[in-house]
file start_37.csv (CSV, C-alpha atoms and all ligand atoms)
chain,number,residue,atom,x,y,z
K,219,MET,CA,94.1,68.0,104.8
K,220,SER,CA,97.8,67.4,105.4
K,221,SER,CA,100.0,70.5,105.9
K,222,LEU,CA,101.6,69.9,102.4
K,223,SER,CA,98.3,69.7,100.6
K,224,SER,CA,96.9,72.7,102.5
K,225,LEU,CA,100.0,74.7,101.6
K,226,LEU,CA,99.7,73.7,97.9
K,227,HIS,CA,96.1,74.7,97.9
K,228,LYS,CA,97.1,78.1,99.3
K,229,ILE,CA,99.9,78.6,96.8
K,230,GLU,CA,97.4,77.7,94.0
K,231,CYS,CA,94.9,80.3,95.3
K,232,TYR,CA,97.2,83.0,96.5
K,233,THR,CA,99.9,83.2,93.8
K,234,LYS,CA,100.2,84.2,90.1
K,235,SER,CA,103.2,83.4,88.0
K,236,SER,CA,106.1,85.6,88.6
K,237,GLY,CA,105.8,89.0,86.9
K,238,HIS,CA,102.1,88.9,86.9
K,239,GLY,CA,101.4,90.2,90.4
K,240,VAL,CA,101.0,93.9,89.5
K,241,PHE,CA,97.4,94.9,89.5
K,242,ILE,CA,96.6,96.7,86.2
K,243,GLU,CA,93.3,97.7,84.6
K,244,GLU,CA,92.8,96.2,81.1
K,245,ASN,CA,93.5,98.8,78.3
K,246,PHE,CA,95.7,101.0,80.5
K,247,SER,CA,99.1,101.9,79.0
K,248,SER,CA,100.7,100.4,82.1
K,249,ASN,CA,99.6,97.1,80.7
K,250,LEU,CA,102.2,97.5,77.9
K,251,ILE,CA,104.9,98.1,80.5
K,252,ALA,CA,103.9,95.0,82.3
K,253,LYS,CA,103.9,93.0,79.0
K,254,ARG,CA,107.4,94.3,78.0
K,255,HIS,CA,108.9,93.4,81.4
K,256,THR,CA,107.0,90.4,82.3
K,257,ILE,CA,109.3,87.4,82.5
K,258,PRO,CA,107.6,83.9,82.1
K,259,PRO,CA,104.2,83.3,80.5
K,260,ALA,CA,101.2,83.5,82.9
K,261,ARG,CA,99.8,80.3,84.1
K,262,HIS,CA,96.2,81.3,83.4
K,263,THR,CA,95.1,78.1,81.8
K,264,HIS,CA,94.0,75.2,84.0
K,265,ASP,CA,96.8,72.9,82.6
K,266,GLU,CA,99.5,75.5,83.1
K,267,GLN,CA,98.3,76.0,86.7
K,268,LYS,CA,98.3,72.3,87.4
K,269,ARG,CA,101.8,71.9,85.9
K,270,SER,CA,103.1,74.7,88.0
K,271,ILE,CA,101.6,73.4,91.2
K,272,SER,CA,103.0,69.9,90.6
K,273,LYS,CA,106.5,71.5,90.1
K,274,VAL,CA,106.0,73.3,93.4
K,275,LYS,CA,105.0,70.0,95.1
K,276,LYS,CA,108.1,68.2,93.7
K,277,PHE,CA,110.4,71.0,94.8
K,278,LEU,CA,108.9,71.2,98.3
K,279,SER,CA,109.1,67.5,98.8
K,280,SER,CA,112.8,67.4,97.8
K,281,ASP,CA,115.4,68.1,100.4
K,282,ASN,CA,117.5,70.7,98.7
K,283,HIS,CA,118.1,74.0,100.4
K,284,THR,CA,117.3,76.3,97.5
K,285,PRO,CA,115.5,79.4,98.9
K,286,LEU,CA,112.0,80.3,97.9
K,287,VAL,CA,111.3,83.7,96.3
K,288,ILE,CA,107.9,85.4,96.7
K,289,GLY,CA,107.0,88.7,94.9
K,290,VAL,CA,104.7,91.2,96.7
K,291,CYS,CA,103.6,93.8,94.1
K,292,PHE,CA,102.0,96.0,96.7
K,293,ASP,CA,102.7,99.7,97.0
K,294,GLY,CA,100.4,100.3,100.0
K,295,GLY,CA,100.2,104.1,99.4
K,296,GLY,CA,103.6,104.6,100.9
K,297,GLY,CA,106.7,106.5,99.8
K,298,ILE,CA,107.4,109.9,98.3
K,299,VAL,CA,108.0,108.5,94.8
K,300,GLY,CA,106.1,105.3,95.3
K,301,ASN,CA,105.3,102.9,92.5
K,302,THR,CA,107.1,100.1,94.3
K,303,GLN,CA,104.5,97.6,93.1
K,304,TRP,CA,106.8,97.3,90.0
K,305,GLY,CA,109.8,96.3,92.2
K,306,PRO,CA,109.5,92.5,92.1
K,307,LEU,CA,109.2,92.5,88.3
K,308,PHE,CA,112.7,94.2,88.1
K,309,LEU,CA,114.3,92.7,91.1
K,310,ARG,CA,113.9,89.2,89.6
K,311,LYS,CA,116.1,90.4,86.8
K,312,ALA,CA,118.8,91.0,89.4
K,313,LEU,CA,118.6,87.5,90.9
K,314,GLN,CA,121.4,85.3,89.8
K,315,ARG,CA,121.8,82.7,92.4
K,316,ASN,CA,119.8,79.5,92.6
K,317,TYR,CA,116.3,80.0,93.8
K,318,PHE,CA,112.8,78.6,93.4
K,319,ASP,CA,110.2,81.1,92.4
K,320,LEU,CA,106.8,80.8,93.9
K,321,GLY,CA,105.5,83.7,91.9
K,322,ASP,CA,103.7,86.9,93.0
K,323,ILE,CA,100.9,86.9,95.5
K,324,HIS,CA,97.5,88.0,94.4
K,325,ILE,CA,96.9,91.7,95.2
K,326,ILE,CA,93.8,93.8,95.7
K,327,PRO,CA,95.7,97.2,96.0
K,328,SER,CA,93.1,99.1,98.0
K,329,LEU,CA,93.1,96.5,100.8
K,330,VAL,CA,95.8,96.1,103.6
K,331,LEU,CA,94.8,93.6,106.3
K,332,ASP,CA,91.7,91.4,106.6
K,333,GLU,CA,91.2,92.7,110.2
K,334,TYR,CA,90.4,96.1,108.7
K,335,LEU,CA,87.4,94.8,106.8
K,336,ASP,CA,83.9,94.2,108.1
K,337,SER,CA,82.5,90.8,107.9
K,338,LYS,CA,79.9,91.6,105.2
K,339,LEU,CA,82.6,93.0,102.9
K,340,LEU,CA,84.9,90.1,103.7
K,341,ARG,CA,82.3,87.5,102.8
K,342,ALA,CA,81.6,89.4,99.5
K,343,LEU,CA,85.3,89.5,98.6
K,344,LYS,CA,85.8,85.8,99.4
K,345,LYS,CA,82.9,85.0,97.1
K,346,HIS,CA,84.4,87.1,94.4
K,347,CYS,CA,88.0,85.7,94.8
K,348,TYR,CA,87.3,82.1,95.9
K,349,GLN,CA,83.7,81.5,94.9
K,350,LEU,CA,83.0,80.7,98.6
K,351,GLU,CA,81.7,83.2,101.1
K,352,SER,CA,82.8,81.1,104.1
K,353,SER,CA,86.3,80.4,102.7
K,354,GLU,CA,89.1,80.2,105.2
K,355,LEU,CA,91.5,81.8,102.7
K,356,LYS,CA,92.7,85.4,103.2
K,357,ILE,CA,91.9,88.4,101.0
K,358,SER,CA,94.1,91.4,101.8
K,359,PRO,CA,97.8,91.5,100.7
K,360,LEU,CA,99.3,91.4,104.2
K,361,SER,CA,96.9,88.7,105.4
K,362,ILE,CA,97.7,86.6,102.4
K,363,LEU,CA,101.5,87.0,102.9
K,364,SER,CA,101.2,86.1,106.6
K,365,ASP,CA,99.2,83.1,105.9
K,366,LEU,CA,101.5,81.9,103.1
K,367,ILE,CA,104.7,82.5,105.1
K,368,GLY,CA,103.2,80.8,108.2
K,369,SER,CA,102.1,77.8,106.1
K,370,ILE,CA,105.5,77.4,104.4
K,371,TYR,CA,107.5,77.6,107.6
K,372,SER,CA,105.1,75.4,109.6
K,373,ALA,CA,105.1,72.6,107.0
K,374,PHE,CA,108.9,73.0,106.2
K,375,PRO,CA,110.7,74.5,109.2
K,376,ASP,CA,114.0,74.3,107.3
K,377,ARG,CA,112.9,76.2,104.2
K,378,ARG,CA,114.0,79.8,103.7
K,379,CYS,CA,112.1,82.6,102.0
K,380,LEU,CA,113.2,85.8,100.3
K,381,ILE,CA,110.3,88.2,99.7
K,382,LEU,CA,110.6,90.9,97.0
K,383,GLY,CA,108.7,94.1,97.5
K,384,GLY,CA,106.8,96.2,97.2
K,385,SER,CA,106.2,98.5,100.1
K,386,HIS,CA,108.1,98.0,103.3
K,387,ILE,CA,104.7,97.5,105.0
K,388,LEU,CA,104.9,93.8,103.9
K,389,ALA,CA,107.7,93.2,106.5
K,390,TYR,CA,105.0,93.5,109.2
K,391,ALA,CA,103.2,90.5,107.8
K,392,SER,CA,106.1,88.2,107.3
K,393,ILE,CA,108.0,89.1,110.6
K,394,SER,CA,105.0,89.1,112.9
K,395,GLU,CA,104.1,85.6,111.6
K,396,LEU,CA,107.7,84.3,111.9
K,397,LEU,CA,108.0,85.6,115.4
K,398,ARG,CA,104.8,83.7,116.3
K,399,LEU,CA,106.1,80.5,114.8
K,400,LYS,CA,109.6,80.8,116.3
K,401,ARG,CA,108.1,81.3,119.7
K,402,GLN,CA,106.3,78.0,119.3
K,403,GLN,CA,109.5,76.3,118.2
K,404,LYS,CA,111.4,77.9,121.1
K,405,ARG,CA,113.8,79.6,118.7
K,406,LYS,CA,114.9,83.1,119.4
K,407,LEU,CA,114.6,85.3,116.3
K,408,ALA,CA,116.2,88.8,115.9
K,409,VAL,CA,115.4,91.2,113.1
K,410,ILE,CA,118.0,93.5,111.5
K,411,HIS,CA,116.2,96.4,109.8
K,412,PHE,CA,118.3,98.2,107.1
K,413,ASP,CA,116.6,101.5,106.2
K,414,ALA,CA,117.1,105.2,105.7
K,415,HIS,CA,113.9,105.7,107.7
K,416,HIS,CA,112.9,104.4,111.1
K,417,ASP,CA,109.3,103.6,110.1
K,418,LEU,CA,108.4,104.0,113.8
K,419,TYR,CA,105.5,106.4,113.7
K,420,PRO,CA,102.6,105.1,115.8
K,421,HIS,CA,100.2,105.4,112.8
K,422,ARG,CA,99.7,107.3,109.6
K,423,GLN,CA,96.6,109.4,109.2
K,424,GLY,CA,95.1,107.3,112.0
K,425,ILE,CA,95.7,104.0,110.3
K,426,PRO,CA,98.0,101.8,112.4
K,427,LEU,CA,99.6,99.9,109.6
K,428,SER,CA,101.4,101.9,106.9
K,429,ALA,CA,104.8,102.1,105.2
K,430,ARG,CA,105.9,104.6,107.9
K,431,SER,CA,104.4,102.9,111.0
K,432,TRP,CA,104.7,99.1,110.3
K,433,CYS,CA,107.9,98.9,112.5
K,434,HIS,CA,106.1,100.5,115.5
K,435,GLN,CA,103.2,98.1,115.1
K,436,LEU,CA,105.7,95.2,114.9
K,437,LEU,CA,107.4,96.0,118.2
K,438,SER,CA,104.4,94.6,120.2
K,439,HIS,CA,105.0,91.2,118.6
K,440,PHE,CA,108.5,90.9,120.2
K,441,ASP,CA,108.9,89.4,123.6
K,442,ASP,CA,112.0,91.6,123.8
K,443,PRO,CA,111.9,94.6,121.5
K,444,SER,CA,115.7,95.0,121.8
K,445,LEU,CA,115.8,92.1,119.3
K,446,LEU,CA,114.9,94.6,116.5
K,447,LEU,CA,118.0,96.6,115.5
K,448,GLN,CA,118.1,99.4,112.9
K,449,ILE,CA,121.0,100.1,110.6
K,450,GLY,CA,121.4,103.1,108.3
K,451,VAL,CA,118.6,105.4,109.6
K,452,ARG,CA,119.2,109.0,108.6
K,453,SER,CA,115.8,110.4,107.8
K,454,PRO,CA,115.5,114.0,109.0
K,455,PHE,CA,112.1,113.4,110.4
K,456,LEU,CA,113.4,111.5,113.5
K,457,LYS,CA,111.1,113.2,116.0
K,458,ILE,CA,108.2,111.0,117.0
K,459,LYS,CA,105.3,112.6,119.0
K,460,GLY,CA,104.8,110.9,122.3
K,461,GLU,CA,107.1,108.2,123.6
K,462,SER,CA,109.7,107.1,121.2
K,463,PRO,CA,110.4,103.3,121.3
K,464,LYS,CA,113.8,102.5,122.6
K,465,ILE,CA,115.5,100.4,120.1
K,466,LYS,CA,119.2,100.1,119.1
K,467,ARG,CA,120.1,102.1,116.1
K,468,TYR,CA,123.3,102.4,114.1
K,469,GLY,CA,123.5,105.4,111.8
K,470,VAL,CA,125.4,105.9,108.6
K,471,LYS,CA,127.9,108.2,110.2
K,472,GLU,CA,128.9,105.6,112.8
K,473,LEU,CA,129.4,103.0,110.0
K,474,HIS,CA,131.5,105.4,108.0
K,475,THR,CA,133.7,106.4,110.9
K,476,SER,CA,134.0,103.2,113.0
K,477,GLY,CA,133.8,100.8,110.1
K,478,CYS,CA,131.3,98.0,109.5
K,479,GLU,CA,133.3,95.4,111.5
K,480,GLU,CA,133.1,97.5,114.7
K,481,VAL,CA,129.4,98.2,114.3
K,482,ILE,CA,128.5,94.7,113.5
K,483,ASN,CA,130.6,93.4,116.4
K,484,LYS,CA,128.4,95.5,118.7
K,485,VAL,CA,125.3,94.1,117.1
K,486,VAL,CA,126.6,90.5,117.3
K,487,SER,CA,127.7,90.8,120.9
K,488,HIS,CA,124.3,92.2,121.9
K,489,LEU,CA,122.5,89.4,120.1
K,490,GLN,CA,124.8,86.7,121.6
K,491,LYS,CA,124.1,88.1,125.1
K,492,LYS,CA,120.4,87.7,124.3
K,493,ARG,CA,121.0,84.2,123.1
K,494,VAL,CA,119.6,84.7,119.7
K,495,ASP,CA,119.4,81.7,117.5
K,496,GLU,CA,118.5,83.1,114.1
K,497,LEU,CA,118.2,86.3,112.1
K,498,TYR,CA,115.7,87.8,109.7
K,499,ILE,CA,116.8,90.7,107.5
K,500,THR,CA,114.4,93.4,106.3
K,501,LEU,CA,116.1,95.6,103.8
K,502,ASP,CA,114.7,98.8,102.4
K,503,LEU,CA,117.0,99.5,99.4
K,504,ASP,CA,116.9,103.2,100.3
K,505,VAL,CA,119.6,102.4,102.9
K,506,VAL,CA,122.1,102.6,100.0
K,507,ASP,CA,123.2,106.0,98.9
K,508,PRO,CA,121.1,107.3,96.0
K,509,LEU,CA,124.3,107.9,94.0
K,510,TYR,CA,124.4,104.1,93.6
K,511,LEU,CA,120.7,103.3,94.0
K,512,PRO,CA,118.4,106.1,93.3
K,513,LEU,CA,115.4,104.0,92.2
K,514,VAL,CA,113.6,103.7,95.5
K,515,GLY,CA,110.2,104.7,96.9
K,516,THR,CA,111.7,107.5,99.2
K,517,PRO,CA,115.3,108.3,98.3
K,518,GLU,CA,117.4,109.9,101.0
K,519,ASN,CA,120.9,111.4,100.7
K,520,ASP,CA,124.0,110.2,102.5
K,521,GLY,CA,123.4,106.5,102.6
K,522,LEU,CA,125.6,103.5,102.9
K,523,PHE,CA,128.0,102.6,100.1
K,524,PRO,CA,127.0,99.3,98.5
K,525,HIS,CA,130.3,97.6,99.8
K,526,GLU,CA,129.4,98.7,103.3
K,527,LEU,CA,126.0,97.1,103.1
K,528,ILE,CA,127.5,93.9,101.7
K,529,SER,CA,130.1,93.8,104.5
K,530,CYS,CA,127.4,94.2,107.1
K,531,LEU,CA,125.3,91.4,105.6
K,532,ARG,CA,128.3,89.1,105.3
K,533,LEU,CA,129.5,89.7,108.9
K,534,LEU,CA,126.0,89.1,110.3
K,535,GLY,CA,125.9,85.9,108.3
K,536,GLU,CA,129.1,84.7,109.8
K,537,SER,CA,127.6,84.8,113.3
K,538,PHE,CA,124.0,83.8,112.8
K,539,PRO,CA,122.0,81.7,110.3
K,540,LEU,CA,119.6,83.8,108.2
K,541,VAL,CA,116.1,82.2,108.1
K,542,GLY,CA,114.3,84.8,106.0
K,543,ALA,CA,114.6,88.1,104.4
K,544,ASP,CA,112.8,90.8,102.4
K,545,VAL,CA,114.2,93.3,100.0
K,546,VAL,CA,111.8,96.2,99.4
K,547,GLU,CA,111.0,99.6,98.0
K,548,PHE,CA,112.6,99.2,94.5
K,549,SER,CA,110.8,101.8,92.3
K,550,PRO,CA,112.0,101.3,88.7
K,551,PHE,CA,110.0,104.0,86.9
K,552,VAL,CA,111.5,107.2,88.3
K,553,ALA,CA,112.4,110.1,86.0
K,554,SER,CA,115.9,111.3,86.7
K,555,LYS,CA,114.8,114.9,87.1
K,556,LEU,CA,112.4,114.0,89.7
K,557,VAL,CA,114.9,112.1,91.8
K,558,ASN,CA,117.5,114.8,91.4
K,559,ASP,CA,115.1,117.7,92.3
K,560,PHE,CA,113.8,115.8,95.3
K,561,LEU,CA,117.2,115.0,96.7
K,562,ASP,CA,118.8,118.4,96.2
K,563,PRO,CA,117.1,121.1,94.1
K,564,GLU,CA,120.2,123.3,94.4
K,565,ALA,CA,122.7,120.8,93.3
K,566,LYS,CA,124.5,121.5,90.0
K,567,GLY,CA,126.8,119.2,88.3
K,568,VAL,CA,126.0,116.0,90.2
K,569,PHE,CA,123.4,114.1,88.3
K,570,LEU,CA,122.1,110.8,89.4
K,571,ASN,CA,121.6,108.2,86.8
K,572,PRO,CA,118.4,106.3,87.7
K,573,GLU,CA,118.6,103.8,85.0
K,574,PRO,CA,117.1,100.5,86.1
K,575,ASP,CA,120.0,98.5,84.7
K,576,SER,CA,122.8,100.2,86.7
K,577,ALA,CA,120.7,100.3,89.9
K,578,LEU,CA,119.9,96.6,89.3
K,579,MET,CA,123.6,95.8,89.3
K,580,VAL,CA,123.8,97.1,92.8
K,581,CYS,CA,120.7,95.0,93.7
K,582,THR,CA,122.3,91.9,92.3
K,583,THR,CA,125.3,92.0,94.7
K,584,ILE,CA,122.9,92.6,97.6
K,585,LEU,CA,120.5,89.8,96.5
K,586,ASN,CA,123.3,87.4,95.8
K,587,GLU,CA,124.6,87.8,99.3
K,588,ILE,CA,121.2,87.3,100.9
K,589,LEU,CA,120.3,84.3,98.6
K,590,SER,CA,123.6,82.6,99.3
K,591,GLN,CA,123.0,82.9,103.1
K,592,LEU,CA,119.5,81.7,102.8
K,593,GLY,CA,120.8,78.7,100.8
K,594,GLY,CA,123.0,77.9,103.8
K,595,ASN,CA,126.3,78.9,102.1
K,596,ALA,CA,127.5,81.5,104.7
K,597,ARG,CA,128.5,79.4,107.6
K,601,MN,MN,112.9,103.7,103.9
call {"tool": "encode", "arguments": {"input": "start_37.csv", "output": "structure tokens"}}
result
Amino acid sequence: MSSLSSLLHKIECYTKSSGHGVFIEENFSSNLIAKRHTIPPARHTHDEQKRSISKVKKFLSSDNHTPLVIGVCFDGGGGIVGNTQWGPLFLRKALQRNYFDLGDIHIIPSLVLDEYLDSKLLRALKKHCYQLESSELKISPLSILSDLIGSIYSAFPDRRCLILGGSHILAYASISELLRLKRQQKRKLAVIHFDAHHDLYPHRQGIPLSARSWCHQLLSHFDDPSLLLQIGVRSPFLKIKGESPKIKRYGVKELHTSGCEEVINKVVSHLQKKRVDELYITLDLDVVDPLYLPLVGTPENDGLFPHELISCLRLLGESFPLVGADVVEFSPFVASKLVNDFLDPEAKGVFLNPEPDSALMVCTTILNEILSQLGGNAR
């Protein structure tokens, strides 16, 4: 099978039409929410599926630079507020620039990685999903994402993807796969991680991969871990038992006092010294102050102002080409009282407004900047 036909086969097996990736039981009231917010009709009939795949084929075979968008409606059990599986449904409403939508990947919410499954279960799941016990296709959300990203970037090295989450755990899948491919292509990839939290715990409840430990697990995939840099971390739970990985971090205070330009200059000069070729951005929306963007899985006070984040993204884009990105942890269904109590139970008078529409306006400016860089407009 050629790499294009193998990729098309994977897209056909791994994806649903955009807005249909959230796993919901029939007859549940959440089904109504999904219906109300679902964007295009599902491609559940054979003809629609065929039409959709031939559109994908035509797009991939053309030489335009429109970025691909992939939704990952996977919460992964992370976050204080959680519910980030609904993120892609809403983030798509915030996308204004040109993009090609590959849809949402197929999710079985109780699975994480195929390596965590025994062979008997794996065979049974493959029979259930692909009618073939010995199928080469993947089953778990992160394994599917890695396989899909790997196939896209191998078949089309100049294509760029934006992944919409979902739990931040998905960044492990896309970045580990890209690091592997870039090593083969002898291209040096650096990762800029925007987040309120370091996500560097060695494990969570003994499980290596979780929303709080994916970054620690990712470090072993770097030839040089100093090519992962964190911006905006301010979580109060900074102490990590055992040895804390030494990676470069730039906090919110430093950005507020020195300014974005000075901080990004430091980042850029480090990456230039390391002879980095390309960047990947992994962006947890909780890096933004909850006053502007309270609808996230784990809100944290005292974040970046939206214009600071945009400046950082723009300045990075002026120095390095962006080859991929994920924007994660949008959690649209949050009661305002819950967010306010969580952030500051004593606060009187300041009341956050967690309406999806106003939060999405902030997301639009972030996503526009990223899409425009992925489309090759930044340099
Ligand atoms: Mn976070």
call {"tool": "closest_residue", "arguments": {"input": "start_37.csv", "among": "K:Val470, K:Leu397, K:Ile482, K:Ala543", "to": "Asp507 in chain K", "atoms": "all atoms listed in the file"}}
result
K:Val470
call {"tool": "closest_residue", "arguments": {"input": "start_37.csv", "among": "K:Ile298, K:Ile357, K:Met579, K:Leu531", "to": "ligand MN 601 (chain K)", "atoms": "all atoms listed in the file"}}
result
K:Ile298
call {"tool": "residues_near_ligand", "arguments": {"input": "start_37.csv", "ligand": "ligand MN 601 (chain K)", "cutoff": "9 Å", "atoms": "all atoms listed in the file", "output": "PyMOL selection string"}}
result
chain K and resi 297+386+412-417+429-430+451+453+501-505+514-518+546-547
call {"tool": "residues_near_point", "arguments": {"input": "start_37.csv", "point": "(108.4, 94.7, 115.5)", "cutoff": "10 Å", "atoms": "all atoms listed in the file", "output": "number ranges by chain"}}
result
K: 389-390, 393-394, 397, 408-409, 411, 418, 432-447
call {"tool": "closest_residue", "arguments": {"input": "start_37.csv", "among": "K:Lys466, K:Lys406, K:Arg452, K:Lys471", "to": "Asp495 in chain K", "atoms": "all atoms listed in the file"}}
result
K:Lys406
call {"tool": "atom_distance", "arguments": {"input": "start_37.csv", "atom1": "CA of Tyr348 in chain K", "atom2": "CA of Lys228 in chain K"}}
result
11.1 Å
